file coords.txt (compact mmCIF, C-alpha atoms and all ligand atoms)
# COMPACT_ATOMS: atom_id res chain seq x y z
CA MET R 1 -21.57 27.18 -48.38
CA ASP R 2 -23.53 28.27 -45.26
CA ILE R 3 -26.84 29.41 -46.67
CA ILE R 4 -29.33 31.36 -44.56
CA VAL R 5 -32.80 32.23 -45.89
CA GLN R 6 -34.06 35.55 -44.54
CA LYS R 7 -37.74 36.37 -45.16
CA PHE R 8 -39.14 39.85 -44.56
CA GLY R 9 -42.89 40.44 -44.34
CA GLY R 10 -44.86 43.33 -45.83
CA THR R 11 -44.65 45.65 -42.82
CA SER R 12 -40.88 45.03 -42.58
CA VAL R 13 -40.29 46.55 -46.04
CA ALA R 14 -43.00 49.23 -45.89
CA THR R 15 -40.79 52.35 -45.87
CA GLU R 16 -37.36 53.37 -47.18
CA GLU R 17 -36.08 53.58 -43.62
CA LEU R 18 -37.27 50.05 -42.87
CA ARG R 19 -35.81 48.71 -46.11
CA LYS R 20 -32.42 50.15 -45.12
CA LYS R 21 -32.73 48.36 -41.78
CA VAL R 22 -33.61 45.13 -43.59
CA ALA R 23 -30.72 45.57 -46.04
CA SER R 24 -28.26 46.10 -43.18
CA LYS R 25 -29.41 42.83 -41.53
CA VAL R 26 -28.83 41.01 -44.82
CA VAL R 27 -25.44 42.62 -45.35
CA ALA R 28 -24.40 41.76 -41.77
CA THR R 29 -25.20 38.11 -42.53
CA LYS R 30 -23.02 38.30 -45.66
CA GLU R 31 -20.21 39.96 -43.70
CA ALA R 32 -20.41 37.13 -41.14
CA GLY R 33 -19.33 34.77 -43.94
CA LYS R 34 -22.80 33.34 -44.68
CA SER R 35 -24.67 33.31 -47.99
CA PRO R 36 -28.05 34.99 -47.49
CA ILE R 37 -31.03 34.35 -49.74
CA VAL R 38 -33.64 37.03 -49.15
CA VAL R 39 -37.38 36.44 -49.62
CA VAL R 40 -39.75 39.42 -49.59
CA SER R 41 -43.48 40.03 -49.33
CA ALA R 42 -45.37 42.79 -51.12
CA ILE R 43 -44.74 46.25 -49.63
CA GLY R 44 -47.06 47.25 -46.76
CA ARG R 45 -50.48 46.05 -45.67
CA ARG R 46 -54.11 46.56 -46.75
CA GLY R 47 -54.50 50.12 -48.05
CA ASP R 48 -50.86 50.59 -49.12
CA ASN R 49 -50.27 51.17 -52.85
CA TYR R 50 -48.63 47.87 -53.79
CA ALA R 51 -49.97 45.61 -51.01
CA THR R 52 -51.62 42.34 -52.10
CA ASP R 53 -55.12 43.44 -50.98
CA THR R 54 -54.80 46.66 -52.97
CA LEU R 55 -53.86 44.75 -56.13
CA VAL R 56 -56.74 42.31 -55.61
CA ASN R 57 -59.19 45.21 -55.15
CA MET R 58 -57.96 46.86 -58.35
CA ALA R 59 -58.89 43.73 -60.29
CA THR R 60 -62.08 42.71 -58.48
CA SER R 61 -63.56 46.22 -58.54
CA VAL R 62 -63.75 45.79 -62.32
CA TYR R 63 -64.89 42.15 -62.39
CA ASP R 64 -65.56 39.91 -59.40
CA GLY R 65 -66.44 36.60 -61.05
CA ASP R 66 -64.47 33.42 -61.48
CA ASN R 67 -61.03 34.92 -61.89
CA ALA R 68 -58.43 32.98 -59.91
CA ARG R 69 -55.88 32.66 -62.73
CA ASP R 70 -55.77 36.36 -63.51
CA LEU R 71 -55.79 37.31 -59.82
CA ASP R 72 -52.60 35.30 -59.38
CA ILE R 73 -50.93 37.34 -62.11
CA ILE R 74 -51.81 40.65 -60.50
CA MET R 75 -51.02 39.42 -56.96
CA SER R 76 -47.56 38.20 -58.02
CA VAL R 77 -46.68 41.75 -59.08
CA GLY R 78 -46.63 43.03 -55.47
CA GLU R 79 -43.77 40.75 -54.45
CA ILE R 80 -41.90 41.42 -57.72
CA ILE R 81 -41.96 45.19 -57.07
CA SER R 82 -40.78 44.61 -53.52
CA SER R 83 -37.88 42.37 -54.63
CA VAL R 84 -36.53 44.99 -57.06
CA ILE R 85 -36.76 47.81 -54.52
CA LEU R 86 -35.06 45.82 -51.76
CA SER R 87 -32.39 44.47 -54.11
CA ASN R 88 -31.64 48.04 -55.20
CA THR R 89 -31.41 49.08 -51.53
CA ILE R 90 -28.79 46.35 -50.98
CA LYS R 91 -26.91 47.45 -54.12
CA SER R 92 -26.95 51.06 -52.93
CA MET R 93 -24.96 49.87 -49.89
CA GLY R 94 -22.19 48.57 -52.15
CA TYR R 95 -23.13 44.86 -52.34
CA LYS R 96 -23.94 42.65 -55.32
CA SER R 97 -27.62 41.73 -55.41
CA GLN R 98 -30.29 40.68 -57.90
CA ALA R 99 -34.09 40.56 -57.83
CA VAL R 100 -35.45 37.10 -58.70
CA THR R 101 -39.06 36.13 -59.52
CA GLY R 102 -40.59 32.85 -58.32
CA PHE R 103 -40.35 31.53 -61.87
CA GLN R 104 -36.64 32.39 -62.11
CA ALA R 105 -36.04 30.83 -58.69
CA GLY R 106 -37.29 27.55 -60.20
CA ILE R 107 -40.39 27.18 -58.00
CA ILE R 108 -42.73 24.79 -59.83
CA THR R 109 -46.29 24.39 -58.51
CA ASP R 110 -49.54 22.64 -59.33
CA ASN R 111 -52.27 24.72 -61.01
CA HIS R 112 -54.43 25.34 -57.94
CA PHE R 113 -54.59 29.11 -58.52
CA GLY R 114 -54.66 31.19 -55.35
CA ASP R 115 -53.44 28.34 -53.15
CA ALA R 116 -50.94 26.33 -55.17
CA ASP R 117 -48.71 23.60 -53.79
CA VAL R 118 -45.02 23.54 -54.65
CA LEU R 119 -44.17 20.36 -56.57
CA LYS R 120 -40.43 20.89 -56.96
CA VAL R 121 -37.68 23.47 -57.01
CA ASP R 122 -34.84 23.71 -59.51
CA ASN R 123 -32.17 25.42 -57.40
CA LYS R 124 -29.62 25.98 -60.20
CA TYR R 125 -30.42 29.65 -60.84
CA LEU R 126 -30.06 30.61 -57.18
CA MET R 127 -26.95 28.46 -56.68
CA ASP R 128 -25.28 30.23 -59.63
CA LEU R 129 -26.00 33.63 -58.08
CA LEU R 130 -24.68 32.53 -54.68
CA ASN R 131 -21.53 31.10 -56.27
CA LYS R 132 -20.90 34.51 -57.82
CA GLY R 133 -21.30 36.21 -54.42
CA ILE R 134 -24.58 37.85 -55.48
CA ILE R 135 -27.36 38.24 -52.87
CA PRO R 136 -30.65 37.05 -54.44
CA VAL R 137 -33.83 38.83 -53.38
CA VAL R 138 -36.63 36.43 -54.27
CA ALA R 139 -40.25 37.53 -54.73
CA GLY R 140 -42.17 35.43 -52.17
CA PHE R 141 -45.64 33.86 -52.46
CA GLN R 142 -45.35 32.85 -56.14
CA GLY R 143 -44.43 30.05 -58.47
CA VAL R 144 -45.16 28.81 -61.95
CA THR R 145 -46.82 25.68 -63.31
CA GLU R 146 -45.08 23.31 -65.72
CA ALA R 147 -47.23 24.95 -68.42
CA GLY R 148 -45.89 28.41 -67.53
CA GLU R 149 -48.92 29.79 -65.66
CA ILE R 150 -48.15 32.10 -62.73
CA THR R 151 -49.52 30.87 -59.38
CA THR R 152 -49.58 32.07 -55.78
CA LEU R 153 -49.12 29.95 -52.67
CA GLY R 154 -52.06 31.08 -50.47
CA ARG R 155 -52.31 34.25 -48.39
CA GLY R 156 -49.28 34.66 -46.16
CA GLY R 157 -47.40 32.36 -48.56
CA SER R 158 -44.04 34.18 -48.60
CA ASP R 159 -43.21 32.18 -45.47
CA THR R 160 -43.74 29.05 -47.58
CA THR R 161 -41.36 30.36 -50.26
CA ALA R 162 -38.71 30.86 -47.57
CA ALA R 163 -39.13 27.34 -46.19
CA ILE R 164 -39.21 25.76 -49.66
CA LEU R 165 -35.99 27.52 -50.67
CA GLY R 166 -34.40 26.60 -47.34
CA GLU R 167 -35.14 22.97 -48.13
CA ALA R 168 -34.09 23.12 -51.80
CA LEU R 169 -30.78 24.84 -51.04
CA HIS R 170 -30.03 22.92 -47.83
CA ALA R 171 -29.94 26.12 -45.78
CA GLU R 172 -28.69 25.96 -42.21
CA CYS R 173 -31.60 28.09 -41.03
CA VAL R 174 -34.72 29.92 -42.22
CA GLU R 175 -35.29 33.26 -40.53
CA ILE R 176 -38.77 34.84 -40.62
CA TYR R 177 -38.62 38.57 -39.83
CA THR R 178 -41.88 40.26 -38.90
CA ASP R 179 -43.39 43.05 -36.78
CA VAL R 180 -43.52 41.27 -33.40
CA ASP R 181 -40.80 39.84 -31.15
CA GLY R 182 -41.37 36.20 -32.09
CA VAL R 183 -43.99 33.51 -31.63
CA MET R 184 -45.97 34.59 -28.59
CA THR R 185 -48.34 32.91 -26.16
CA ALA R 186 -51.23 34.67 -27.97
CA ASP R 187 -51.65 37.39 -30.59
CA PRO R 188 -50.09 40.44 -28.87
CA ARG R 189 -52.68 42.65 -30.57
CA VAL R 190 -55.36 40.86 -28.52
CA VAL R 191 -53.52 39.92 -25.32
CA LYS R 192 -51.35 42.72 -23.97
CA LYS R 193 -49.62 40.31 -21.56
CA ALA R 194 -48.62 37.82 -24.28
CA LYS R 195 -45.03 36.58 -23.87
CA VAL R 196 -42.44 35.45 -26.40
CA ILE R 197 -41.99 31.67 -26.54
CA GLU R 198 -38.23 31.20 -26.87
CA GLU R 199 -38.28 27.63 -28.13
CA ILE R 200 -41.15 25.72 -29.67
CA ASP R 201 -41.69 22.41 -31.41
CA TYR R 202 -42.66 22.25 -35.10
CA GLU R 203 -45.89 20.45 -34.17
CA GLU R 204 -46.99 23.05 -31.62
CA ILE R 205 -46.35 26.03 -33.88
CA TYR R 206 -48.02 24.16 -36.75
CA GLN R 207 -51.18 23.78 -34.65
CA MET R 208 -51.00 27.42 -33.55
CA ALA R 209 -50.62 28.62 -37.15
CA ASP R 210 -53.36 26.33 -38.38
CA GLU R 211 -55.70 27.64 -35.67
CA GLY R 212 -55.16 31.27 -36.66
CA ALA R 213 -51.81 32.51 -35.27
CA LYS R 214 -50.73 34.07 -38.54
CA VAL R 215 -47.18 34.90 -37.39
CA VAL R 216 -45.98 32.05 -39.62
CA HIS R 217 -47.81 30.07 -42.30
CA PRO R 218 -48.62 26.45 -41.35
CA ARG R 219 -47.36 25.15 -44.70
CA ALA R 220 -43.98 26.81 -44.10
CA VAL R 221 -43.72 25.04 -40.75
CA ALA R 222 -44.62 21.71 -42.37
CA VAL R 223 -41.84 22.14 -44.94
CA ALA R 224 -39.28 23.15 -42.30
CA LYS R 225 -40.24 20.11 -40.22
CA ARG R 226 -40.02 17.79 -43.24
CA SER R 227 -36.49 18.99 -44.00
CA ASN R 228 -35.55 19.38 -40.32
CA ILE R 229 -34.28 22.93 -40.87
CA PRO R 230 -34.49 25.18 -37.81
CA MET R 231 -36.74 28.16 -38.30
CA LYS R 232 -36.41 31.40 -36.34
CA VAL R 233 -39.08 34.07 -35.95
CA LYS R 234 -37.67 37.52 -35.17
CA ASN R 235 -38.57 41.18 -35.08
CA THR R 236 -37.17 43.29 -37.95
CA LEU R 237 -37.14 46.31 -35.68
CA SER R 238 -35.27 44.89 -32.70
CA ASP R 239 -32.36 42.64 -31.90
CA SER R 240 -34.41 40.49 -29.53
CA LYS R 241 -33.67 36.78 -29.60
CA GLY R 242 -37.02 35.77 -31.05
CA THR R 243 -38.29 32.20 -31.23
CA ILE R 244 -36.52 29.11 -32.48
CA ILE R 245 -38.66 26.36 -33.95
CA ILE R 246 -37.07 22.92 -33.70
CA GLN R 247 -37.89 19.28 -33.14
CA LYS R 248 -38.26 18.74 -29.41
CA ASN R 249 -38.41 15.39 -27.79
CA HIS R 250 -41.26 15.85 -25.38
CA TYR R 251 -43.51 13.69 -27.54
CA LEU R 252 -41.28 10.80 -26.59
CA ARG R 253 -41.76 11.39 -22.90
CA LYS R 254 -44.40 9.60 -20.89
CA ALA R 255 -47.84 11.14 -20.87
CA ARG R 256 -48.20 13.35 -17.84
CA LYS R 257 -50.68 12.43 -15.17
CA SER R 258 -51.92 15.85 -14.26
CA LEU R 259 -52.17 19.34 -15.56
CA GLU R 260 -50.18 20.64 -12.61
CA GLU R 261 -47.04 18.59 -13.39
CA GLU R 262 -46.03 21.06 -16.04
CA ASN R 263 -47.71 23.99 -17.66
CA MET R 264 -48.54 22.05 -20.76
CA ILE R 265 -50.68 24.67 -22.49
CA ARG R 266 -48.19 26.68 -24.55
CA ALA R 267 -50.41 29.20 -26.32
CA ILE R 268 -53.92 30.37 -27.15
CA ALA R 269 -54.79 30.93 -30.82
CA HIS R 270 -57.95 32.26 -32.37
CA LYS R 271 -59.62 32.82 -35.69
CA SER R 272 -62.78 34.61 -36.74
CA ASN R 273 -65.09 34.89 -39.76
CA ILE R 274 -66.63 31.48 -39.13
CA SER R 275 -70.27 30.34 -39.41
CA GLN R 276 -71.86 27.37 -37.71
CA ILE R 277 -74.29 25.39 -39.87
CA SER R 278 -76.87 22.88 -38.58
CA VAL R 279 -78.60 20.70 -41.19
CA PHE R 280 -81.65 18.81 -39.99
CA PHE R 281 -82.37 15.34 -41.32
CA ASP R 282 -82.69 11.91 -39.76
CA ASP R 283 -79.67 9.76 -40.42
CA ASN R 284 -79.84 8.20 -43.89
CA MET R 285 -77.21 7.40 -46.44
CA GLU R 286 -78.76 9.29 -49.32
CA ASP R 287 -78.94 12.69 -47.57
CA ASN R 288 -75.49 12.23 -46.04
CA ASP R 289 -74.09 11.52 -49.50
CA ILE R 290 -75.83 14.50 -51.11
CA LEU R 291 -74.49 16.83 -48.43
CA MET R 292 -70.93 15.54 -48.35
CA ASN R 293 -70.57 15.10 -52.12
CA ASN R 294 -71.73 18.65 -52.77
CA LEU R 295 -69.39 20.12 -50.16
CA THR R 296 -66.53 18.25 -51.84
CA LYS R 297 -67.66 19.21 -55.35
CA PHE R 298 -67.73 22.92 -54.48
CA GLN R 299 -64.46 22.67 -52.53
CA VAL R 300 -65.93 23.80 -49.21
CA SER R 301 -63.74 22.77 -46.32
CA ILE R 302 -65.64 22.08 -43.11
CA ASP R 303 -64.45 22.03 -39.51
CA LEU R 304 -65.81 21.17 -36.03
CA ILE R 305 -67.94 18.38 -37.46
CA ASN R 306 -70.56 16.68 -35.23
CA PHE R 307 -73.03 14.30 -36.82
CA PHE R 308 -76.04 13.38 -34.67
CA THR R 309 -78.96 11.14 -35.61
CA ASP R 310 -81.29 14.07 -36.22
CA LYS R 311 -78.89 16.85 -37.31
CA LYS R 312 -75.44 17.44 -38.77
CA VAL R 313 -73.44 20.36 -37.38
CA PHE R 314 -70.26 21.84 -38.84
CA THR R 315 -68.49 25.16 -39.39
CA VAL R 316 -67.25 26.90 -42.53
CA ASP R 317 -65.21 30.01 -43.30
CA ASN R 318 -67.53 32.90 -44.07
CA LYS R 319 -66.02 33.13 -47.56
CA ASP R 320 -67.71 29.78 -48.35
CA LEU R 321 -71.08 30.61 -46.75
CA ASN R 322 -72.89 31.46 -49.99
CA LYS R 323 -71.74 28.23 -51.61
CA VAL R 324 -73.08 26.26 -48.62
CA LYS R 325 -76.41 28.11 -48.65
CA ASN R 326 -76.81 27.33 -52.37
CA ILE R 327 -76.14 23.64 -51.76
CA LEU R 328 -78.67 23.50 -48.89
CA GLU R 329 -81.35 25.44 -50.80
CA GLU R 330 -80.96 23.48 -54.01
CA ASN R 331 -81.28 20.18 -52.18
CA LYS R 332 -84.18 21.43 -50.05
CA PHE R 333 -82.47 20.73 -46.73
CA LYS R 334 -83.83 22.30 -43.53
CA TYR R 335 -81.02 24.24 -41.88
CA SER R 336 -80.05 27.02 -39.50
CA ILE R 337 -76.95 29.22 -39.46
CA ILE R 338 -75.17 31.09 -36.67
CA LYS R 339 -73.03 33.73 -38.36
CA ASN R 340 -70.18 35.73 -36.81
CA CYS R 341 -68.52 32.98 -34.81
CA SER R 342 -64.90 32.63 -33.71
CA LYS R 343 -62.84 29.68 -32.66
CA VAL R 344 -60.49 29.86 -29.70
CA THR R 345 -57.93 27.09 -29.28
CA ALA R 346 -55.60 26.06 -26.46
CA ILE R 347 -52.44 24.40 -27.77
CA GLY R 348 -50.16 22.11 -25.83
CA HIS R 349 -48.62 18.70 -26.00
CA LYS R 350 -50.33 15.48 -24.98
CA ILE R 351 -53.29 17.36 -23.54
CA ARG R 352 -55.98 14.95 -24.62
CA GLY R 353 -57.20 12.92 -21.70
CA ILE R 354 -55.39 15.00 -19.06
CA PRO R 355 -57.95 15.53 -16.32
CA GLY R 356 -58.85 19.14 -15.78
CA VAL R 357 -57.91 20.83 -19.06
CA MET R 358 -61.42 21.01 -20.50
CA GLY R 359 -62.76 21.84 -17.02
CA LYS R 360 -60.47 24.85 -16.80
CA ILE R 361 -61.51 26.04 -20.25
CA VAL R 362 -65.23 25.73 -19.50
CA ARG R 363 -64.78 27.47 -16.14
CA ALA R 364 -62.74 30.35 -17.56
CA LEU R 365 -65.20 30.95 -20.40
CA SER R 366 -68.35 30.67 -18.31
CA HIS R 367 -66.94 32.96 -15.60
CA SER R 368 -66.52 35.51 -18.39
CA GLY R 369 -70.15 35.01 -19.46
CA ILE R 370 -69.24 33.26 -22.71
CA ASN R 371 -71.33 30.39 -24.10
CA ILE R 372 -69.58 27.52 -25.88
CA LEU R 373 -71.45 26.71 -29.11
CA GLN R 374 -69.35 23.67 -29.96
CA SER R 375 -66.02 22.12 -29.00
CA SER R 376 -63.45 19.66 -30.30
CA ASP R 377 -60.15 18.22 -29.21
CA SER R 378 -57.09 16.52 -30.66
CA TYR R 379 -53.84 15.21 -29.25
CA THR R 380 -52.46 18.75 -29.01
CA THR R 381 -55.45 21.10 -29.11
CA ILE R 382 -58.79 21.91 -27.48
CA SER R 383 -61.00 24.30 -29.43
CA CYS R 384 -64.26 26.08 -28.60
CA LEU R 385 -66.59 27.85 -30.97
CA ILE R 386 -68.01 31.06 -29.51
CA LYS R 387 -69.73 34.24 -30.74
CA GLU R 388 -67.25 36.59 -32.41
CA GLU R 389 -68.17 39.47 -30.09
CA HIS R 390 -66.59 37.54 -27.18
CA ILE R 391 -63.30 36.60 -28.80
CA GLU R 392 -61.05 39.17 -27.13
CA LYS R 393 -62.45 38.38 -23.70
CA ALA R 394 -62.17 34.63 -24.36
CA VAL R 395 -58.52 34.68 -25.49
CA ASN R 396 -57.54 36.82 -22.51
CA ALA R 397 -59.49 34.65 -20.07
CA LEU R 398 -57.83 31.41 -21.27
CA HIS R 399 -54.42 33.07 -21.39
CA ALA R 400 -54.80 34.01 -17.72
CA GLU R 401 -56.38 30.66 -16.73
CA PHE R 402 -53.36 28.70 -17.99
CA ASN R 403 -50.87 31.06 -16.32
CA LEU R 404 -49.47 32.30 -19.62
CA ASP R 405 -49.62 35.90 -18.33
CA LYS R 406 -46.75 35.22 -15.91
P1 LIG K 1 -45.76 39.50 -42.01
O1 LIG K 1 -46.35 40.56 -42.88
O2 LIG K 1 -44.44 39.85 -41.44
O3 LIG K 1 -45.78 38.14 -42.65
P2 LIG K 1 -48.13 38.80 -40.46
O4 LIG K 1 -49.09 39.91 -40.28
O5 LIG K 1 -48.44 37.75 -41.46
O6 LIG K 1 -46.70 39.46 -40.72
O7 LIG K 1 -47.87 38.05 -39.06
C1 LIG K 1 -47.49 38.82 -37.95
C2 LIG K 1 -48.69 39.09 -37.07
O8 LIG K 1 -49.16 37.85 -36.53
C3 LIG K 1 -48.41 39.93 -35.84
O9 LIG K 1 -48.49 41.30 -36.13
C4 LIG K 1 -49.46 39.46 -34.83
O10 LIG K 1 -50.53 40.37 -34.69
C5 LIG K 1 -50.02 38.17 -35.45
N1 LIG K 1 -50.06 37.05 -34.50
C6 LIG K 1 -51.15 36.26 -34.29
N2 LIG K 1 -50.89 35.33 -33.36
C7 LIG K 1 -49.60 35.52 -32.97
C8 LIG K 1 -48.75 34.85 -32.02
N3 LIG K 1 -49.17 33.80 -31.29
N4 LIG K 1 -47.50 35.32 -31.87
C9 LIG K 1 -47.05 36.37 -32.59
N5 LIG K 1 -47.81 37.05 -33.50
C10 LIG K 1 -49.07 36.62 -33.69
N1 LIG K 2 -48.32 39.32 -49.89
C1 LIG K 2 -48.96 38.05 -49.65
C2 LIG K 2 -50.16 38.24 -48.72
O1 LIG K 2 -50.45 39.35 -48.31
C3 LIG K 2 -48.01 37.01 -49.15
C4 LIG K 2 -47.35 37.31 -47.82
O2 LIG K 2 -47.39 38.44 -47.32
O3 LIG K 2 -46.72 36.39 -47.29
O4 LIG K 2 -50.83 37.29 -48.42
MG MG K 3 -47.28 36.64 -42.83

call {"tool": "encode", "arguments": {"input": "coords.txt", "output": "structure tokens"}}
result
Amino acid sequence: MDIIVQKFGGTSVATEELRKKVASKVVATKEAGKSPIVVVSAIGRRGDNYATDTLVNMATSVYDGDNARDLDIIMSVGEIISSVILSNTIKSMGYKSQAVTGFQAGIITDNHFGDADVLKVDNKYLMDLLNKGIIPVVAGFQGVTEAGEITTLGRGGSDTTAAILGEALHAECVEIYTDVDGVMTADPRVVKKAKVIEEIDYEEIYQMADEGAKVVHPRAVAVAKRSNIPMKVKNTLSDSKGTIIIQKNHYLRKARKSLEEENMIRAIAHKSNISQISVFFDDNMEDNDILMNNLTKFQVSIDLINFFTDKKVFTVDNKDLNKVKNILEENKFKYSIIKNCSKVTAIGHKIRGIPGVMGKIVRALSHSGINILQSSDSYTTISCLIKEEHIEKAVNALHAEFNLDK
């Protein structure tokens, strides 16, 4: 059986007209002799009646305390509604279809509410439907623990559902349908000249997604890579070719000697809502332990970490800022905070150590009047922390500097 997983994001199923378009793509796949498994997100975006943010607001406007378990129950409803409506749309076109919850699809997770990991998938229920010629429409973003608690897979997690089902049912491909033409050289909402990348390696798109390019969830990419299933990112509204994500072999090639040999920067990603924290103490084991143990205890994940002899500098997501302040106050640390920061990242392959890459980044940012607050690099990325007010200018400047506009 040639199984294809087709995932449609919230904006792709936002109106009846769009749902008919989606249904006709699914039906065309069926008519081509394939067995589609559809995965859907909650209908619409922030502000729409059944969108995830709306459901969260309904619950948190009544009580905003420690509530992760119950929030997962209400959040899972958005995708369930969407699966029934889309399944009915497919049925109205004369095809057999059935809405399926994450629980029914056999998606078993750990109990990390709000950001659960999938432990295993029992594919029997979906295989039975496919064997009967029925098109399953699975509610994305959700699973269930062994103990029967409903969980969600982290914001944007319907992509993960699609990849997990692709792996569990040995699909030939996982298709992610969204509201842009594919994976692009930067967020097209920020860079008007952003171009579609026709073919990209799992590792590169993973880094892009992890550094803020939300077009596909990093965990979904990791699963697709693990199972070596090609993933395509396409526009629901057009027939453009989109992007194919596959294993490329350029990591096996020799490291290049210069930046000019090939345009090795593939994309610029960015994320905002970051704060930079500096904690002032002279290096000593006790203070280091207090700081690090508390950050771990309160599950604060830190990034861009630089430890100097007289101060420790790192960044956190703004959502964790209050937790960090409490830790620093309670332990009487001296500290300073720069709020409203953003991180801009250039992604490529084998860029570390290539002469000129960092130079180009510094030049492009300083010519645009942007100060770099901190920087970091890895084998495939170079990131700079800047003030949030400069992010649009920064992404566009780096996009142009690395010739991605052309
Ligand atoms: P969906 O609801 O379909 O899952 P998302 O909003 O999660 O859609 O992801 C699609 C959005 O990702 C696009 O509208 C675009 O603004 C944003 N995006 C950010 N970076 C990129 C990029 N490099 N390429 C394409 N889209 C990007
Ligand atoms: N509806 C969920 C969210 O908004 C999951 C998703 O869209 O993938 O995060
Ligand atoms: Mg998404």

call {"tool": "residues_around", "arguments": {"input": "coords.txt", "residues": "segment 374-385 of chain R", "least_positions_apart": "5", "cutoff": "8 Å", "atoms": "only C-alpha atoms", "output": "CSV table (one decimal) with C-alpha atoms, in the coordinates of the input"}}
result
chain,number,residue,atom,x,y,z
R,204,GLU,CA,-47.0,23.0,-31.6
R,207,GLN,CA,-51.2,23.8,-34.6
R,304,LEU,CA,-65.8,21.2,-36.0
R,341,CYS,CA,-68.5,33.0,-34.8
R,342,SER,CA,-64.9,32.6,-33.7
R,343,LYS,CA,-62.8,29.7,-32.7
R,344,VAL,CA,-60.5,29.9,-29.7
R,345,THR,CA,-57.9,27.1,-29.3
R,346,ALA,CA,-55.6,26.1,-26.5
R,347,ILE,CA,-52.4,24.4,-27.8
R,348,GLY,CA,-50.2,22.1,-25.8
R,349,HIS,CA,-48.6,18.7,-26.0
R,350,LYS,CA,-50.3,15.5,-25.0
R,351,ILE,CA,-53.3,17.4,-23.5
R,352,ARG,CA,-56.0,15.0,-24.6
R,358,MET,CA,-61.4,21.0,-20.5

call {"tool": "closest_atom_pairs", "arguments": {"input": "coords.txt", "of": "chain R", "to": "ligand LIG 1 (chain K)", "cutoff": "8 Å", "atoms": "only C-alpha atoms and all ligand atoms", "output": "Markdown table"}}
result
| residue | atom | partner | partner_atom | distance |
| --- | --- | --- | --- | --- |
| R:Phe8 | CA | K:LIG1 | O2 | 6.2 |
| R:Gly9 | CA | K:LIG1 | O2 | 3.3 |
| R:Gly10 | CA | K:LIG1 | O1 | 4.3 |
| R:Thr11 | CA | K:LIG1 | O1 | 5.4 |
| R:Ser12 | CA | K:LIG1 | O2 | 6.4 |
| R:Ser41 | CA | K:LIG1 | O1 | 7.1 |
| R:Gly44 | CA | K:LIG1 | O1 | 7.8 |
| R:Arg45 | CA | K:LIG1 | O1 | 7.4 |
| R:Gly156 | CA | K:LIG1 | O5 | 5.7 |
| R:Ser158 | CA | K:LIG1 | O3 | 7.4 |
| R:Asp159 | CA | K:LIG1 | O3 | 7.1 |
| R:Ile176 | CA | K:LIG1 | O2 | 7.6 |
| R:Tyr177 | CA | K:LIG1 | O2 | 6.2 |
| R:Thr178 | CA | K:LIG1 | O2 | 3.6 |
| R:Asp179 | CA | K:LIG1 | O9 | 5.4 |
| R:Val180 | CA | K:LIG1 | C3 | 5.6 |
| R:Asp181 | CA | K:LIG1 | C9 | 7.3 |
| R:Gly182 | CA | K:LIG1 | C9 | 5.7 |
| R:Val183 | CA | K:LIG1 | N4 | 4.0 |
| R:Met184 | CA | K:LIG1 | N4 | 3.7 |
| R:Thr185 | CA | K:LIG1 | N3 | 5.3 |
| R:Ala186 | CA | K:LIG1 | N3 | 4.0 |
| R:Asp187 | CA | K:LIG1 | N2 | 3.5 |
| R:Pro188 | CA | K:LIG1 | O10 | 5.8 |
| R:Arg189 | CA | K:LIG1 | O10 | 5.2 |
| R:Val190 | CA | K:LIG1 | O10 | 7.9 |
| R:Val196 | CA | K:LIG1 | N4 | 7.5 |
| R:Met208 | CA | K:LIG1 | N3 | 7.0 |
| R:Ala209 | CA | K:LIG1 | N2 | 7.7 |
| R:Gly212 | CA | K:LIG1 | N2 | 6.8 |
| R:Ala213 | CA | K:LIG1 | N2 | 3.5 |
| R:Lys214 | CA | K:LIG1 | O8 | 4.6 |
| R:Val215 | CA | K:LIG1 | O7 | 3.6 |
| R:Val216 | CA | K:LIG1 | O7 | 6.3 |
| R:His217 | CA | K:LIG1 | O5 | 7.8 |
| R:Ala267 | CA | K:LIG1 | N3 | 6.9 |
| R:Ile268 | CA | K:LIG1 | N3 | 7.2 |
| R:Ala269 | CA | K:LIG1 | N3 | 6.3 |
| R:His270 | CA | K:LIG1 | N2 | 7.8 |

call {"tool": "closest_residue", "arguments": {"input": "coords.txt", "among": "R:Gly65, R:Gly157, R:Gly148, R:Pro355", "to": "ligand MG 3 (chain K)", "atoms": "only C-alpha atoms and all ligand atoms"}}
result
R:Gly157

call {"tool": "closest_residue", "arguments": {"input": "coords.txt", "among": "R:Arg155, R:Lys334, R:Arg363, R:Lys271", "to": "ligand MG 3 (chain K)", "atoms": "all atoms listed in the file"}}
result
R:Arg155

call {"tool": "atom_distance", "arguments": {"input": "coords.txt", "atom1": "atom CA of Ala364 of chain R", "atom2": "atom CA of Ser275 of chain R"}}
result
23.1 Å

call {"tool": "closest_residue", "arguments": {"input": "coords.txt", "among": "R:Leu165, R:Val316, R:Ile361, R:Ile290", "to": "Phe141 of chain R", "atoms": "only C-alpha atoms"}}
result
R:Leu165

call {"tool": "atom_distance", "arguments": {"input": "coords.txt", "atom1": "atom CA of Met292 of chain R", "atom2": "atom CA of Thr152 of chain R"}}
result
28.0 Å

call {"tool": "closest_residue", "arguments": {"input": "coords.txt", "among": "R:Cys173, R:Ala42, R:Ala23, R:Ile327", "to": "Lys91 of chain R", "atoms": "all atoms listed in the file"}}
result
R:Ala23

call {"tool": "axis_aligned_box", "arguments": {"input": "coords.txt", "around": "ligand LIG 2 (chain K)", "padding_each_side": "4 Å", "output": "AutoDock Vina command-line options"}}
result
--center_x -48.8 --center_y 37.9 --center_z -48.6 --size_x 12.1 --size_y 11.0 --size_z 10.6
